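As provided, run_30.pdb (PDB, C-alpha atoms) reads as follows.
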ATOM      1  CA  LEU P 972       8.779 -69.600  -3.015  1.00  0.00           C
ATOM      2  CA  PHE P 973      10.683 -68.937   0.194  1.00  0.00           C
ATOM      3  CA  LEU P 974      11.571 -65.706   1.943  1.00  0.00           C
ATOM      4  CA  ASN P 975      14.559 -65.923   4.235  1.00  0.00           C
ATOM      5  CA  ILE P 976      15.635 -63.294   6.733  1.00  0.00           C
ATOM      6  CA  HIS P 977      19.096 -62.506   8.072  1.00  0.00           C
ATOM      7  CA  GLN P 978      19.214 -60.242  11.141  1.00  0.00           C
ATOM      8  CA  LEU P 979      22.782 -59.020  11.369  1.00  0.00           C
ATOM      9  CA  GLY P 980      22.247 -56.087  13.726  1.00  0.00           C
ATOM     10  CA  ALA P 981      21.969 -52.360  13.192  1.00  0.00           C
ATOM     11  CA  GLY P 982      24.985 -50.970  11.386  1.00  0.00           C
ATOM     12  CA  ASN P 983      26.434 -54.425  10.664  1.00  0.00           C
ATOM     13  CA  VAL P 984      25.441 -54.765   7.010  1.00  0.00           C
ATOM     14  CA  THR P 985      25.963 -52.792   3.810  1.00  0.00           C
ATOM     15  CA  ALA P 986      24.361 -53.206   0.419  1.00  0.00           C
ATOM     16  CA  GLU P 987      27.839 -53.741  -1.039  1.00  0.00           C
ATOM     17  CA  ALA P 988      28.611 -56.593   1.372  1.00  0.00           C
ATOM     18  CA  VAL P 989      25.261 -58.247   0.638  1.00  0.00           C
ATOM     19  CA  ALA P 990      25.919 -58.020  -3.107  1.00  0.00           C
ATOM     20  CA  ASP P 991      29.195 -59.906  -2.574  1.00  0.00           C
ATOM     21  CA  VAL P 992      27.465 -62.569  -0.481  1.00  0.00           C
ATOM     22  CA  ARG P 993      24.716 -62.918  -3.087  1.00  0.00           C
ATOM     23  CA  GLU P 994      27.298 -63.813  -5.734  1.00  0.00           C
ATOM     24  CA  LYS P 995      28.428 -66.662  -3.478  1.00  0.00           C
ATOM     25  CA  ASP P 996      24.827 -67.865  -3.159  1.00  0.00           C
ATOM     26  CA  LEU P 997      24.396 -67.826  -6.923  1.00  0.00           C
ATOM     27  CA  ALA P 998      27.571 -69.870  -7.377  1.00  0.00           C
ATOM     28  CA  VAL P 999      26.191 -72.835  -5.369  1.00  0.00           C
ATOM     29  CA  GLN P1000      22.401 -72.549  -5.710  1.00  0.00           C
ATOM     30  CA  LYS P1001      22.079 -75.262  -8.382  1.00  0.00           C
ATOM     31  CA  ARG P1002      23.638 -77.888  -6.090  1.00  0.00           C
ATOM     32  CA  TYR P1003      20.608 -77.596  -3.815  1.00  0.00           C
ATOM     33  CA  GLY P1004      17.897 -76.937  -6.398  1.00  0.00           C
ATOM     34  CA  VAL P1005      17.540 -73.311  -5.332  1.00  0.00           C
ATOM     35  CA  TYR P1006      16.998 -70.298  -7.582  1.00  0.00           C
ATOM     36  CA  PHE P1007      17.506 -66.927  -5.905  1.00  0.00           C
ATOM     37  CA  ILE P1008      15.106 -64.382  -7.383  1.00  0.00           C
ATOM     38  CA  ASN P1009      15.740 -61.141  -5.503  1.00  0.00           C
ATOM     39  CA  TYR P1010      17.048 -59.675  -2.271  1.00  0.00           C
ATOM     40  CA  TRP P1011      16.574 -56.579  -0.135  1.00  0.00           C
ATOM     41  CA  VAL P1012      18.787 -54.822   2.396  1.00  0.00           C
ATOM     42  CA  ASP P1013      17.905 -52.494   5.263  1.00  0.00           C
ATOM     43  CA  GLU P1014      21.314 -51.162   6.263  1.00  0.00           C
ATOM     44  CA  LYS P1015      19.954 -49.120   9.159  1.00  0.00           C
ATOM     45  CA  ALA P1016      18.187 -52.083  10.780  1.00  0.00           C
ATOM     46  CA  GLY P1017      20.866 -54.598   9.747  1.00  0.00           C
ATOM     47  CA  VAL P1018      18.390 -56.858   7.971  1.00  0.00           C
ATOM     48  CA  GLU P1019      18.759 -58.676   4.667  1.00  0.00           C
ATOM     49  CA  MET P1020      16.025 -60.745   2.987  1.00  0.00           C
ATOM     50  CA  CYS P1021      16.149 -63.109   0.015  1.00  0.00           C
ATOM     51  CA  LEU P1022      13.364 -64.480  -2.139  1.00  0.00           C
ATOM     52  CA  SER P1023      14.057 -67.836  -3.718  1.00  0.00           C
ATOM     53  CA  GLU P1024      12.381 -70.708  -5.461  1.00  0.00           C
ATOM     54  CA  ALA P1025      13.306 -74.028  -3.860  1.00  0.00           C
ATOM     55  CA  LYS P1026      11.955 -77.484  -3.062  1.00  0.00           C
ATOM     56  CA  ASN P1027      12.023 -76.808   0.680  1.00  0.00           C
ATOM     57  CA  ALA P1028      13.397 -74.508   3.392  1.00  0.00           C
ATOM     58  CA  LYS P1029      16.287 -76.862   4.196  1.00  0.00           C
ATOM     59  CA  SER P1030      17.716 -76.476   0.701  1.00  0.00           C
ATOM     60  CA  VAL P1031      17.738 -72.684   1.152  1.00  0.00           C
ATOM     61  CA  VAL P1032      19.580 -73.022   4.467  1.00  0.00           C
ATOM     62  CA  HIS P1033      22.116 -75.486   3.014  1.00  0.00           C
ATOM     63  CA  THR P1034      22.821 -73.138   0.115  1.00  0.00           C
ATOM     64  CA  HIS P1035      23.580 -70.250   2.470  1.00  0.00           C
ATOM     65  CA  LYS P1036      25.646 -72.474   4.752  1.00  0.00           C
ATOM     66  CA  GLU P1037      27.880 -73.705   1.938  1.00  0.00           C
ATOM     67  CA  ALA P1038      28.118 -70.367   0.130  1.00  0.00           C
ATOM     68  CA  HIS P1039      29.147 -68.147   3.047  1.00  0.00           C
ATOM     69  CA  GLY P1040      28.049 -69.559   6.396  1.00  0.00           C
ATOM     70  CA  LEU P1041      25.419 -66.892   7.122  1.00  0.00           C
ATOM     71  CA  ILE P1042      22.405 -68.907   8.210  1.00  0.00           C
ATOM     72  CA  PRO P1043      19.039 -67.145   8.025  1.00  0.00           C
ATOM     73  CA  VAL P1044      17.145 -66.692  11.283  1.00  0.00           C
ATOM     74  CA  LYS P1045      13.894 -67.521   9.499  1.00  0.00           C
ATOM     75  CA  VAL P1046      12.843 -69.182   6.252  1.00  0.00           C
ATOM     76  CA  THR P1047       9.155 -68.851   5.388  1.00  0.00           C
ATOM     77  CA  LYS P1048       7.226 -70.415   2.552  1.00  0.00           C
ATOM     78  CA  VAL P1049       5.309 -67.680   0.708  1.00  0.00           C
ATOM     79  CA  LYS P1050       2.927 -67.405  -2.233  1.00  0.00           C
ATOM     80  CA  GLN P1051       2.778 -64.736  -4.903  1.00  0.00           C
ATOM     81  CA  GLY P1052       0.173 -62.122  -4.043  1.00  0.00           C
ATOM     82  CA  GLU P1053      -0.195 -63.171  -0.413  1.00  0.00           C
TER      83      GLU P1053
END

Go ahead and express the file in the form of structure tokens.
Amino acid sequence: LFLNIHQLGAGNVTAEAVADVREKDLAVQKRYGVYFINYWVDEKAGVEMCLSEAKNAKSVVHTHKEAHGLIPVKVTKVKQGE
């Protein structure tokens, strides 16, 4: 499992815009062996986070790059319950 973070800046992101971007991620995820599980948006802080299952962090980055060009500032490997 990987958690990736996009810091877009306060006031620069809406839940609606993130939903549109997520559809683009879902359209290409299989090419990189990624399965997006969930995402969260903090509109006030301008932060969006995605949880995915993938073979490595690079595959998560490549999926985002191809889908919409918004590269996460951080991709962290995480474990359930930790």

Residues returned when the PyMOL selection byres ((chain P and resi 1012) around 10) runs on this file, as a list in words
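Checking the PyMOL selection byres ((chain P and resi 1012) around 10) against this file, the residues are His977, Val984, Thr985, Ala986, Glu987, Val989, Ala990, Tyr1010, Trp1011, Asp1013, Glu1014, Lys1015, Ala1016, Gly1017, Val1018, Glu1019, Met1020 and Cys1021 of chain P.
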
Could you tell me how far atom CA of P:Arg1002 sits from atom CA of P:Val1031, in Å to one decimal place?
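Distance between the two atoms: 10.7 Å.
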
Using only C-alpha atoms, which residue out of P:Val1032, P:Leu1022, P:Val1044, P:Val992 lies closest to P:Leu979?
P:Val1044

Separating atom CA of P:Lys1050 from atom CA of P:Phe973, to the nearest tenth of an Å, is a gap of 8.3 Å

Can you turn the PyMOL selection byres ((chain P and resi 1027) around 9) into a concrete residue list for this file, as JSON, numbers by chain?
{"P": [972, 973, 1005, 1024, 1025, 1026, 1028, 1029, 1030, 1031, 1048]}

For the file shown, report as a VMD selection string the outcome of the PyMOL selection byres ((chain P and resi 1007) around 6) at residue level.
chain P and resid 1006 1008 1023

Put a box with edges along x, y and z around all the listed atoms of stretch 992-1003 of chain P, pad it by 5 Å on each side, then give me its centre and sizes in Å, one decimal, as AutoDock Vina command-line options.
--center_x 24.5 --center_y -70.2 --center_z -4.4 --size_x 17.8 --size_y 25.3 --size_z 17.9

What separation in Å, quoted to one decimal, exists between atom CA of P:Ala981 and atom CA of P:Gln1000?
27.7 Å

So which residues are close to (13.2, -68.2, 4.7), meaning at most 7 Å away in the file's coordinates with only C-alpha atoms counted, and can you show them as a PyMOL selection string?
chain P and resi 973-976+1028+1043+1045-1048
